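Next comes final34.txt, a file with compact mmCIF, C-alpha atoms and all ligand atoms.
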# COMPACT_ATOMS: atom_id res chain seq x y z
CA MET A 1 111.15 118.24 93.54
CA GLU A 2 108.07 119.50 91.74
CA CYS A 3 106.86 115.96 91.34
CA ASN A 4 107.35 115.30 95.01
CA ARG A 5 105.31 118.30 96.00
CA LEU A 6 102.52 117.20 93.72
CA GLN A 7 102.54 113.78 95.26
CA LEU A 8 102.38 115.26 98.72
CA ALA A 9 99.44 117.42 97.73
CA GLU A 10 97.73 114.36 96.33
CA LYS A 11 98.35 112.48 99.53
CA LYS A 12 96.93 115.34 101.56
CA LYS A 13 93.77 115.34 99.46
CA GLU A 14 93.48 111.58 99.95
CA GLU A 15 93.88 111.97 103.68
CA VAL A 16 91.01 114.41 103.85
CA LYS A 17 88.87 112.03 101.82
CA CYS A 18 89.86 109.15 104.02
CA LYS A 19 88.78 111.05 107.09
CA ALA A 20 85.43 111.66 105.50
CA VAL A 21 85.05 107.96 104.68
CA GLN A 22 85.95 106.99 108.20
CA GLU A 23 83.57 109.45 109.73
CA LYS A 24 80.75 108.12 107.63
CA PHE A 25 81.16 104.69 109.20
CA GLN A 26 82.87 105.40 112.37
CA ARG A 27 83.06 107.34 115.57
CA PHE A 28 86.00 107.09 117.91
CA MET A 29 85.41 107.27 121.64
CA THR A 30 86.65 110.32 123.53
CA ILE A 31 88.46 110.23 126.86
CA ASP A 32 85.43 111.91 128.46
CA GLU A 33 83.08 109.23 127.23
CA VAL A 34 85.32 106.35 128.23
CA SER A 35 85.87 107.75 131.72
CA LYS A 36 82.09 108.21 132.19
CA ILE A 37 81.05 104.82 130.81
CA PHE A 38 83.53 102.84 132.89
CA ASP A 39 83.85 105.16 135.86
CA LEU A 40 87.57 105.80 135.37
CA ASP A 41 89.66 108.71 136.60
CA LYS A 42 89.84 111.20 133.74
CA ASP A 43 93.20 112.70 134.68
CA GLU A 44 94.77 109.28 134.98
CA LEU A 45 93.35 108.32 131.57
CA LYS A 46 94.75 111.51 130.06
CA LYS A 47 98.13 110.76 131.56
CA ILE A 48 98.21 107.25 130.09
CA CYS A 49 97.03 108.49 126.70
CA SER A 50 99.72 111.16 126.55
CA ASN A 51 102.23 108.28 126.64
CA TYR A 52 100.32 105.82 124.48
CA PRO A 53 97.41 107.12 122.41
CA MET A 54 93.90 105.75 122.76
CA ARG A 55 91.66 105.11 119.78
CA ILE A 56 88.56 102.96 120.03
CA PRO A 57 85.93 102.70 117.29
CA ASP A 58 82.45 102.86 118.80
CA TYR A 59 81.75 99.54 117.06
CA TYR A 60 84.57 97.85 118.97
CA LEU A 61 83.52 99.42 122.26
CA SER A 62 80.03 98.00 121.74
CA LEU A 63 81.52 94.49 121.93
CA ILE A 64 82.43 94.97 125.60
CA LYS A 65 80.03 92.90 127.70
CA GLU A 66 81.41 93.92 131.08
CA LYS A 67 84.18 96.06 132.52
CA GLY A 68 87.43 94.10 132.54
CA ASP A 69 86.47 91.46 129.95
CA GLY A 70 88.68 90.32 127.06
CA VAL A 71 87.50 93.04 124.70
CA TYR A 72 87.76 95.76 127.36
CA LYS A 73 91.34 94.87 128.23
CA GLN A 74 92.49 95.17 124.62
CA CYS A 75 91.25 98.73 124.13
CA ILE A 76 90.86 100.58 127.46
CA PRO A 77 94.08 102.19 128.74
CA SER A 78 95.41 100.84 132.02
CA SER A 79 97.75 102.46 134.56
CA ALA A 80 99.92 99.33 134.35
CA GLU A 81 101.16 100.64 130.98
CA ILE A 82 102.90 103.68 132.41
CA TYR A 83 104.21 102.06 135.57
CA ASP A 84 105.84 99.24 133.59
CA LEU A 85 109.58 99.37 134.06
CA CYS A 86 110.51 96.20 132.18
CA GLY A 87 110.82 95.35 128.52
CA GLU A 88 112.11 97.16 125.48
CA GLU A 89 110.56 99.75 123.23
CA ASP A 90 111.63 97.80 120.12
CA PRO A 91 111.91 94.21 121.36
CA LEU A 92 111.90 92.66 117.86
CA HIS A 93 114.61 95.01 116.60
CA GLU A 94 112.60 96.22 113.65
CA GLU A 95 114.09 99.69 113.50
CA PRO A 96 116.90 100.19 110.98
CA GLU A 97 119.57 100.83 113.63
CA HIS A 98 118.84 97.35 114.99
CA GLN A 99 118.88 95.48 111.68
CA LYS A 100 121.67 93.19 110.56
CA ARG A 101 121.42 94.17 106.91
CA LYS A 102 122.59 97.72 106.37
CA ASN A 103 121.12 100.33 104.02
CA VAL A 104 117.60 99.00 104.42
CA PRO A 105 115.11 101.89 104.02
CA SER A 106 113.39 102.98 107.22
CA LEU A 107 109.99 101.54 106.26
CA LEU A 108 111.30 98.03 105.61
CA THR A 109 112.37 95.20 107.87
CA HIS A 110 114.37 92.69 105.83
CA ARG A 111 115.01 89.86 108.26
CA TYR A 112 114.35 86.76 106.19
CA PRO A 113 115.99 85.98 102.86
CA ASP A 114 112.97 86.15 100.54
CA ARG A 115 110.48 88.48 102.20
CA VAL A 116 110.19 91.95 103.70
CA LEU A 117 107.88 93.80 106.02
CA PHE A 118 106.83 97.14 104.54
CA ARG A 119 105.25 99.55 107.05
CA ILE A 120 103.08 101.81 104.92
CA SER A 121 100.99 103.36 107.68
CA ASN A 122 101.58 104.44 111.21
CA SER A 123 97.96 104.69 112.28
CA CYS A 124 95.40 102.07 113.20
CA ALA A 125 91.63 102.02 113.62
CA MET A 126 92.27 101.04 117.23
CA TYR A 127 95.33 101.32 119.41
CA CYS A 128 95.64 97.94 121.07
CA ARG A 129 97.02 98.29 124.55
CA PHE A 130 99.43 95.36 124.11
CA CYS A 131 100.84 96.47 120.74
CA THR A 132 104.45 95.53 119.98
CA ARG A 133 104.85 98.83 118.14
CA LYS A 134 103.30 100.95 120.86
CA ARG A 135 106.50 103.03 120.81
CA LYS A 136 105.30 104.65 117.62
CA VAL A 137 101.82 103.76 116.37
CA GLY A 138 99.52 106.75 116.39
CA ASP A 139 102.38 109.24 116.41
CA ILE A 140 101.51 111.44 113.45
CA THR A 141 105.05 112.77 113.23
CA LYS A 142 106.08 109.25 112.25
CA ASN A 143 103.63 108.82 109.38
CA PRO A 144 105.48 107.62 106.29
CA THR A 145 105.99 110.15 103.52
CA TRP A 146 105.75 109.27 99.86
CA GLU A 147 109.47 109.84 99.56
CA GLU A 148 110.16 107.13 102.15
CA MET A 149 107.72 104.80 100.42
CA ALA A 150 109.46 105.36 97.11
CA LYS A 151 112.79 104.41 98.72
CA ALA A 152 111.32 101.20 100.05
CA ILE A 153 109.86 100.33 96.64
CA LEU A 154 113.21 101.00 94.99
CA TYR A 155 114.93 98.68 97.48
CA ILE A 156 112.45 95.91 96.65
CA LYS A 157 113.14 96.49 92.97
CA GLN A 158 116.89 96.28 93.51
CA HIS A 159 116.69 93.06 95.54
CA PRO A 160 115.53 90.26 93.23
CA GLU A 161 115.62 87.73 96.08
CA ILE A 162 112.50 89.36 97.59
CA ARG A 163 109.37 87.54 96.40
CA ASP A 164 106.97 88.20 99.29
CA VAL A 165 106.13 91.73 100.40
CA ILE A 166 104.11 92.07 103.59
CA LEU A 167 102.31 95.39 103.85
CA SER A 168 102.11 96.24 107.49
CA GLY A 169 101.97 99.24 109.79
CA GLY A 170 100.18 100.42 111.87
CA ASP A 171 97.38 99.26 109.68
CA PRO A 172 97.76 99.44 105.88
CA LEU A 173 94.00 99.61 105.38
CA MET A 174 93.94 102.99 107.15
CA LEU A 175 95.21 104.48 103.89
CA PRO A 176 92.59 105.71 101.46
CA ASN A 177 91.93 103.26 98.60
CA LYS A 178 93.67 105.42 96.00
CA LEU A 179 96.95 105.74 97.86
CA LEU A 180 96.79 102.09 98.89
CA GLU A 181 96.28 101.09 95.27
CA LYS A 182 99.20 103.21 94.17
CA ILE A 183 101.50 101.36 96.58
CA ILE A 184 100.11 97.90 95.83
CA LYS A 185 100.31 98.54 92.10
CA ALA A 186 103.96 99.58 92.35
CA VAL A 187 104.86 96.55 94.48
CA HIS A 188 102.81 94.21 92.27
CA SER A 189 104.52 95.40 89.10
CA ILE A 190 107.85 94.29 90.61
CA ILE A 191 106.79 91.16 92.50
CA SER A 192 104.53 89.71 89.82
CA LYS A 193 107.52 89.29 87.52
CA ARG A 194 109.36 87.22 90.11
CA GLU A 195 108.98 83.50 90.56
CA ASN A 196 106.19 82.80 93.06
CA GLY A 197 105.77 86.47 93.93
CA ILE A 198 103.04 87.31 96.43
CA ILE A 199 101.75 90.31 98.36
CA ARG A 200 100.46 90.02 101.89
CA ILE A 201 98.55 92.55 103.97
CA GLY A 202 98.59 92.44 107.77
CA THR A 203 95.54 94.24 109.11
CA ARG A 204 93.40 94.27 112.22
CA ILE A 205 90.64 96.20 110.48
CA PRO A 206 88.32 93.21 109.74
CA CYS A 207 88.17 92.73 113.52
CA VAL A 208 88.13 96.26 114.96
CA PHE A 209 86.57 98.31 112.15
CA PRO A 210 84.95 95.85 109.71
CA GLN A 211 82.91 98.63 108.08
CA ARG A 212 86.09 99.65 106.26
CA ILE A 213 85.96 96.42 104.21
CA THR A 214 83.81 97.37 101.25
CA GLU A 215 83.13 95.93 97.81
CA GLU A 216 85.04 98.83 96.37
CA LEU A 217 88.13 97.90 98.39
CA CYS A 218 87.84 94.22 97.42
CA ASP A 219 87.39 95.08 93.73
CA MET A 220 90.62 97.06 93.92
CA LEU A 221 92.60 94.39 95.79
CA LYS A 222 91.62 91.54 93.53
CA LYS A 223 93.29 93.22 90.57
CA TYR A 224 96.65 92.45 92.18
CA HIS A 225 96.46 88.74 92.95
CA PRO A 226 97.99 86.68 94.47
CA ILE A 227 97.09 88.69 97.58
CA TYR A 228 96.88 87.17 101.04
CA ILE A 229 95.55 88.82 104.18
CA ASN A 230 96.46 88.08 107.76
CA THR A 231 94.08 89.60 110.23
CA HIS A 232 94.16 89.70 114.01
CA PHE A 233 91.35 88.45 116.26
CA ASN A 234 92.05 87.72 119.93
CA HIS A 235 88.70 86.97 121.51
CA PRO A 236 85.56 85.03 120.50
CA ASN A 237 83.36 88.09 121.20
CA GLU A 238 85.08 89.80 118.26
CA ILE A 239 83.36 87.37 115.91
CA THR A 240 80.16 89.19 114.97
CA PRO A 241 77.87 89.51 111.95
CA GLU A 242 79.90 92.61 110.92
CA SER A 243 83.32 90.96 111.14
CA LYS A 244 81.90 87.89 109.40
CA ARG A 245 80.66 90.07 106.55
CA ALA A 246 84.08 91.72 106.24
CA CYS A 247 86.05 88.46 106.18
CA GLU A 248 83.66 86.78 103.77
CA LEU A 249 83.80 89.73 101.41
CA LEU A 250 87.60 89.39 101.29
CA VAL A 251 87.48 85.63 100.84
CA ASN A 252 84.89 86.01 98.09
CA ALA A 253 87.34 88.31 96.30
CA GLY A 254 89.71 85.33 96.20
CA ILE A 255 91.88 86.54 99.06
CA PRO A 256 92.80 83.80 101.54
CA VAL A 257 92.40 85.26 105.03
CA GLY A 258 94.56 83.95 107.88
CA ASN A 259 94.63 85.04 111.50
CA GLN A 260 97.33 85.88 113.99
CA THR A 261 96.38 85.85 117.67
CA VAL A 262 98.43 87.13 120.56
CA LEU A 263 98.25 85.13 123.76
CA LEU A 264 97.14 87.72 126.33
CA LYS A 265 96.65 87.43 130.06
CA GLY A 266 93.04 87.98 131.04
CA VAL A 267 91.93 88.01 127.41
CA ASN A 268 92.40 84.55 125.90
CA ASP A 269 94.80 82.69 128.20
CA ASN A 270 92.71 79.58 128.71
CA PRO A 271 91.95 76.58 126.49
CA GLU A 272 88.18 77.12 126.31
CA THR A 273 88.39 80.74 125.12
CA MET A 274 91.12 79.93 122.62
CA LYS A 275 89.27 76.92 121.20
CA LYS A 276 86.09 78.97 120.84
CA LEU A 277 88.07 81.67 119.04
CA MET A 278 89.82 79.26 116.66
CA LEU A 279 86.59 77.46 115.72
CA GLY A 280 84.76 80.78 115.43
CA LEU A 281 87.39 81.95 112.95
CA LEU A 282 86.94 78.86 110.78
CA SER A 283 83.20 79.50 110.81
CA ILE A 284 83.78 82.92 109.24
CA ARG A 285 86.23 81.32 106.73
CA VAL A 286 89.38 82.59 108.39
CA ARG A 287 92.26 80.12 108.85
CA PRO A 288 94.23 80.38 112.13
CA TYR A 289 97.89 80.95 111.21
CA TYR A 290 99.88 81.90 114.31
CA ILE A 291 99.41 82.22 118.06
CA TYR A 292 102.15 84.47 119.38
CA GLN A 293 103.63 84.47 122.80
CA CYS A 294 103.25 88.12 123.93
CA ASP A 295 106.34 90.21 123.13
CA THR A 296 108.45 91.79 125.86
CA VAL A 297 107.26 95.30 125.11
CA LYS A 298 107.65 98.12 127.56
CA GLY A 299 104.16 99.14 128.66
CA ALA A 300 102.61 95.76 127.90
CA ASN A 301 104.24 93.35 130.32
CA HIS A 302 100.99 93.03 132.29
CA PHE A 303 99.63 91.10 129.28
CA ARG A 304 102.37 88.46 129.29
CA THR A 305 101.68 84.89 130.34
CA ARG A 306 104.24 82.20 131.05
CA VAL A 307 105.25 80.09 128.05
CA GLU A 308 103.84 76.91 129.68
CA LYS A 309 100.39 78.45 129.26
CA GLY A 310 100.79 78.64 125.49
CA LEU A 311 101.98 75.04 125.33
CA GLU A 312 99.03 73.93 127.46
CA ILE A 313 96.64 75.72 125.11
CA TYR A 314 98.35 74.22 122.06
CA LYS A 315 98.01 70.71 123.58
CA SER A 316 94.34 71.34 124.25
CA LEU A 317 93.77 72.04 120.56
CA ARG A 318 95.96 69.58 118.62
CA GLY A 319 94.07 66.32 118.09
CA HIS A 320 91.11 67.48 120.14
CA THR A 321 89.65 69.54 117.33
CA SER A 322 90.02 70.11 113.56
CA GLY A 323 93.64 70.45 112.50
CA LEU A 324 92.55 73.54 110.55
CA ALA A 325 91.83 75.22 113.90
CA VAL A 326 95.38 74.63 115.16
CA PRO A 327 97.82 77.41 114.25
CA GLN A 328 101.54 77.38 114.94
CA PHE A 329 102.48 78.61 118.39
CA VAL A 330 105.52 80.88 118.04
CA ILE A 331 107.76 83.21 119.95
CA ASP A 332 108.99 86.19 117.99
CA ALA A 333 112.43 86.09 119.53
CA PRO A 334 113.56 89.26 121.31
CA GLY A 335 116.50 90.88 119.57
CA GLY A 336 115.25 90.09 116.08
CA GLY A 337 115.67 86.30 116.05
CA GLY A 338 112.45 85.94 114.08
CA LYS A 339 109.53 83.61 114.72
CA ILE A 340 110.44 80.35 116.40
CA PRO A 341 107.81 77.59 116.70
CA LEU A 342 107.20 75.78 119.98
CA LEU A 343 105.75 72.30 120.22
CA PRO A 344 104.79 70.17 123.18
CA GLU A 345 106.98 67.06 123.44
CA TYR A 346 105.32 64.81 120.88
CA VAL A 347 108.63 63.21 119.89
CA GLN A 348 109.93 61.11 122.78
CA SER A 349 112.99 59.65 121.09
CA ILE A 350 114.54 59.04 117.68
CA ASP A 351 117.07 56.30 117.02
CA LYS A 352 118.15 54.31 113.98
CA ASP A 353 115.34 51.73 114.33
CA LYS A 354 112.33 53.69 115.50
CA VAL A 355 110.74 56.95 116.56
CA VAL A 356 108.74 56.94 119.78
CA LEU A 357 105.82 59.36 119.74
CA LYS A 358 103.19 60.50 122.19
CA ASN A 359 99.74 61.25 120.77
CA TYR A 360 97.23 63.88 121.92
CA GLU A 361 95.78 61.52 124.54
CA GLY A 362 99.21 60.91 126.00
CA ASN A 363 99.51 57.36 124.60
CA THR A 364 102.84 56.14 123.25
CA HIS A 365 103.17 54.96 119.64
CA GLU A 366 106.12 53.77 117.59
CA TYR A 367 107.02 54.47 114.01
CA PRO A 368 109.63 52.10 112.50
CA GLN A 369 112.47 53.78 110.58
CA ILE A 370 113.36 52.80 107.04
CA LYS A 371 116.79 51.12 106.94
CA GLU A 372 119.45 53.55 105.77
CA ASP A 373 120.58 51.14 103.01
CA TYR A 374 117.05 50.13 101.95
C1 LIG B 401 106.56 87.92 110.69
C2 LIG B 401 107.50 88.47 109.78
C3 LIG B 401 107.57 88.04 108.46
C4 LIG B 401 106.66 86.97 107.91
O1 LIG B 401 106.88 85.74 108.51
P1 LIG B 401 106.11 84.44 107.99
O2 LIG B 401 106.53 83.37 108.93
O3 LIG B 401 106.57 84.21 106.59
O4 LIG B 401 104.65 84.74 108.04
C5 LIG B 401 108.50 88.61 107.64
N1 LIG B 401 109.36 89.56 108.08
C6 LIG B 401 109.34 89.97 109.35
C7 LIG B 401 110.31 91.00 109.79
C8 LIG B 401 108.41 89.46 110.25
O5 LIG B 401 108.38 89.90 111.52
S1 LIG B 402 96.14 97.15 115.04
FE1 LIG B 402 98.12 96.08 115.17
S2 LIG B 402 99.67 97.68 114.87
FE2 LIG B 402 97.74 98.70 115.37
S3 LIG B 402 97.78 99.00 117.59
FE3 LIG B 402 96.70 97.06 117.21
S4 LIG B 402 98.31 95.49 117.33
FE4 LIG B 402 99.35 97.49 117.07
Could I get this file's structure written as structure tokens?
Amino acid sequence: MECNRLQLAEKKKEEVKCKAVQEKFQRFMTIDEVSKIFDLDKDELKKICSNYPMRIPDYYLSLIKEKGDGVYKQCIPSSAEIYDLCGEEDPLHEEPEHQKRKNVPSLLTHRYPDRVLFRISNSCAMYCRFCTRKRKVGDITKNPTWEEMAKAILYIKQHPEIRDVILSGGDPLMLPNKLLEKIIKAVHSIISKRENGIIRIGTRIPCVFPQRITEELCDMLKKYHPIYINTHFNHPNEITPESKRACELLVNAGIPVGNQTVLLKGVNDNPETMKKLMLGLLSIRVRPYYIYQCDTVKGANHFRTRVEKGLEIYKSLRGHTSGLAVPQFVIDAPGGGGKIPLLPEYVQSIDKDKVVLKNYEGNTHEYPQIKEDY
């Protein structure tokens, strides 16, 4: 009990410090400012934000080139969010009551055999309007306590099959370095003893608030290798000297940085924009990892495209540009089915003598099978 109180006090102190750090780098836009800059109805904005919070770093806002562009749509609240009657609040069934495995602590999603998602923060530097977790991000009453974190860490310890822990959120890098290190250190001390143990961090901060990526942070992270980061860029205009600096700093600390993009209507739903984004990422040493079909989230259905669009974009990349720029196109299946890859029809037929394939130009090629008794 005493110990717990001390830990809470420590966390509180860290939070205050974190706020100070953020304020040094960062200003968040107010509703007043946003309504003035873009000539939006203030009461309507307030109404939307009382359902789904708004947070936009002034850096990110500065990337908007015109009202309604791909950067604007990701951060400026839209009435479509509150008049959306379709979709689910928790489409991926991440909450404990939806999970197949029982007795999983509230901060963990243990869907796959050897890895878990560990949500260590409930806040983000920006609240993306299309977020799958919009049901809860930004709600301070849902911020994880140290007690909950300790339960999650204990679960990882008691499940030797887990070798890959993905720190997620919200955004894990919203935590102050000290608290973040405490968590990573605890996870690392368990995982590093397991065969092929790794830690991953899923964070949008290199894209929306790159000033948070400092040498101090990288020096801390690199003590706990192997660490991988997956970040989240959705539009070529997000690739800037600042985000380049942030990604390169991470890569120079020996952390491979991958990227997950969400296919979003009006943001990146055409081959040219997506190709520019993928190549731009490689140029800042970030490897495209996944393109997601947009989840069926209540309040974000206006961002969904049809699946054919994703396949068309995938076809426009594969073969036409560096394979490194071609991520997997996946649907995170509603109801907790996990990520399922989609491919255009490259395989035309398979029989015992040959496989008939179609290449990126649409030409047919054959590959002879090895005889079964060879
Ligand atoms: C995405 C995800 C993972 C990681 O999947 P990879 O394909 O290994 O990157 C793990 N657990 C959950 C619950 C996820 O949603
Ligand atoms: S940073 Fe990620 S978790 Fe946070 S609001 Fe954006 S998409 Fe959601």
Distance filter 6 Å around ligand LIG 401 (chain B), atoms: all atoms listed in the file, out as a list in words = Thr109, His110, Arg111, Arg115, Val116 and Leu117 of chain A
Distance query Gln74 of chain A at most 8 Å, only C-alpha atoms, self and fewer than 5 positions along chain excluded, as a list in words = Cys128, Arg129, Phe130 and Val267 of chain A
Could you work out how far atom CA of Tyr289 of chain A lies from atom CA of Gln260 of chain A, giving the answer in Å with one decimal?
-> 5.7 Å
Give me the residues near segment 186-192 of chain A as an mmCIF file with C-alpha atoms, in the frame of the given file, where near means some atom within 10 Å (using all atoms listed in the file) and where sequence neighbours in that chain fewer than 5 positions away do not count.
data_model
loop_
_atom_site.group_PDB
_atom_site.id
_atom_site.type_symbol
_atom_site.label_atom_id
_atom_site.label_comp_id
_atom_site.auth_asym_id
_atom_site.auth_seq_id
_atom_site.Cartn_x
_atom_site.Cartn_y
_atom_site.Cartn_z
ATOM 1 C CA ALA A 150 109.460 105.360 97.110
ATOM 2 C CA ALA A 152 111.320 101.200 100.050
ATOM 3 C CA ILE A 153 109.860 100.330 96.640
ATOM 4 C CA LEU A 154 113.210 101.000 94.990
ATOM 5 C CA ILE A 156 112.450 95.910 96.650
ATOM 6 C CA LYS A 157 113.140 96.490 92.970
ATOM 7 C CA GLN A 158 116.890 96.280 93.510
ATOM 8 C CA PRO A 160 115.530 90.260 93.230
ATOM 9 C CA ILE A 162 112.500 89.360 97.590
ATOM 10 C CA ARG A 163 109.370 87.540 96.400
ATOM 11 C CA ASP A 164 106.970 88.200 99.290
ATOM 12 C CA VAL A 165 106.130 91.730 100.400
ATOM 13 C CA LEU A 167 102.310 95.390 103.850
ATOM 14 C CA GLU A 181 96.280 101.090 95.270
ATOM 15 C CA GLY A 197 105.770 86.470 93.930
ATOM 16 C CA ILE A 198 103.040 87.310 96.430
ATOM 17 C CA ILE A 199 101.750 90.310 98.360
ATOM 18 C CA LYS A 223 93.290 93.220 90.570
ATOM 19 C CA TYR A 224 96.650 92.450 92.180
ATOM 20 C CA HIS A 225 96.460 88.740 92.950
ATOM 21 C CA PRO A 226 97.990 86.680 94.470
ATOM 22 C CA ILE A 227 97.090 88.690 97.580
#
Restricting the calculation to only C-alpha atoms, which member of A:Glu148, A:Asp139, A:Glu66, A:Asp373 is positioned closest to Lys352 of chain A?
->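 Of the candidates, the smallest distance to Lys352 of chain A is held by A:Asp373.
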Tell me, counting all atoms listed in the file, for each residue of chain A within 10 Å of ligand LIG 402 (chain B), which pair of atoms is nearest and how far apart they are in Å to one decimal, in rows ordered by chain and increasing number, as a tab-separated table.
residue	atom	partner	partner_atom	distance
A:Pro53	CA	B:LIG402	S3	9.5
A:Met54	CA	B:LIG402	S3	9.3
A:Arg55	CA	B:LIG402	S3	8.9
A:Gln74	CA	B:LIG402	FE3	8.7
A:Cys75	CA	B:LIG402	FE3	9.0
A:Arg119	CA	B:LIG402	S2	9.8
A:Ser121	CA	B:LIG402	S2	9.3
A:Asn122	CA	B:LIG402	S2	7.9
A:Ser123	CA	B:LIG402	FE2	6.7
A:Cys124	CA	B:LIG402	FE2	4.6
A:Ala125	CA	B:LIG402	S1	6.8
A:Met126	CA	B:LIG402	S3	5.9
A:Tyr127	CA	B:LIG402	S3	3.8
A:Cys128	CA	B:LIG402	FE3	4.1
A:Arg129	CA	B:LIG402	S3	7.0
A:Phe130	CA	B:LIG402	S4	6.9
A:Cys131	CA	B:LIG402	FE4	4.1
A:Thr132	CA	B:LIG402	FE4	6.2
A:Arg133	CA	B:LIG402	FE4	5.8
A:Lys134	CA	B:LIG402	FE4	6.5
A:Arg135	CA	B:LIG402	FE4	9.8
A:Lys136	CA	B:LIG402	FE4	9.3
A:Val137	CA	B:LIG402	S3	6.4
A:Gly138	CA	B:LIG402	S3	8.0
A:Ser168	CA	B:LIG402	S2	7.9
A:Gly169	CA	B:LIG402	S2	5.8
A:Gly170	CA	B:LIG402	S2	4.1
A:Asp171	CA	B:LIG402	FE2	5.7
A:Pro172	CA	B:LIG402	S2	9.4
A:Gly202	CA	B:LIG402	FE1	8.3
A:Thr203	CA	B:LIG402	S1	6.6
A:Arg204	CA	B:LIG402	S1	4.9
A:Ile205	CA	B:LIG402	S1	7.2
A:Cys207	CA	B:LIG402	S1	9.2
A:Val208	CA	B:LIG402	S1	8.1
A:Thr231	CA	B:LIG402	FE1	9.1
A:His232	CA	B:LIG402	FE1	7.6
A:Phe233	CA	B:LIG402	S4	10.0
A:Thr261	CA	B:LIG402	S4	9.8
A:Val262	CA	B:LIG402	S4	9.0
Set the distance at 10 Å and use all atoms listed in the file: which residues neighbour Phe209 of chain A once local chain neighbours fewer than 3 positions away are removed? I'd like the list as a PDB file with C-alpha atoms, keeping the file's coordinate frame.
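Once written, out_6.pdb looks like this:
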ATOM      1  CA  GLN A  22      85.950 106.990 108.200  1.00  0.00           C
ATOM      2  CA  PHE A  25      81.160 104.690 109.200  1.00  0.00           C
ATOM      3  CA  GLN A  26      82.870 105.400 112.370  1.00  0.00           C
ATOM      4  CA  ILE A  56      88.560 102.960 120.030  1.00  0.00           C
ATOM      5  CA  PRO A  57      85.930 102.700 117.290  1.00  0.00           C
ATOM      6  CA  ASP A  58      82.450 102.860 118.800  1.00  0.00           C
ATOM      7  CA  TYR A  59      81.750  99.540 117.060  1.00  0.00           C
ATOM      8  CA  TYR A  60      84.570  97.850 118.970  1.00  0.00           C
ATOM      9  CA  CYS A 124      95.400 102.070 113.200  1.00  0.00           C
ATOM     10  CA  ALA A 125      91.630 102.020 113.620  1.00  0.00           C
ATOM     11  CA  MET A 126      92.270 101.040 117.230  1.00  0.00           C
ATOM     12  CA  ARG A 204      93.400  94.270 112.220  1.00  0.00           C
ATOM     13  CA  ILE A 205      90.640  96.200 110.480  1.00  0.00           C
ATOM     14  CA  PRO A 206      88.320  93.210 109.740  1.00  0.00           C
ATOM     15  CA  ARG A 212      86.090  99.650 106.260  1.00  0.00           C
ATOM     16  CA  ILE A 213      85.960  96.420 104.210  1.00  0.00           C
ATOM     17  CA  GLU A 242      79.900  92.610 110.920  1.00  0.00           C
ATOM     18  CA  SER A 243      83.320  90.960 111.140  1.00  0.00           C
ATOM     19  CA  ALA A 246      84.080  91.720 106.240  1.00  0.00           C
TER      20      ALA A 246
END
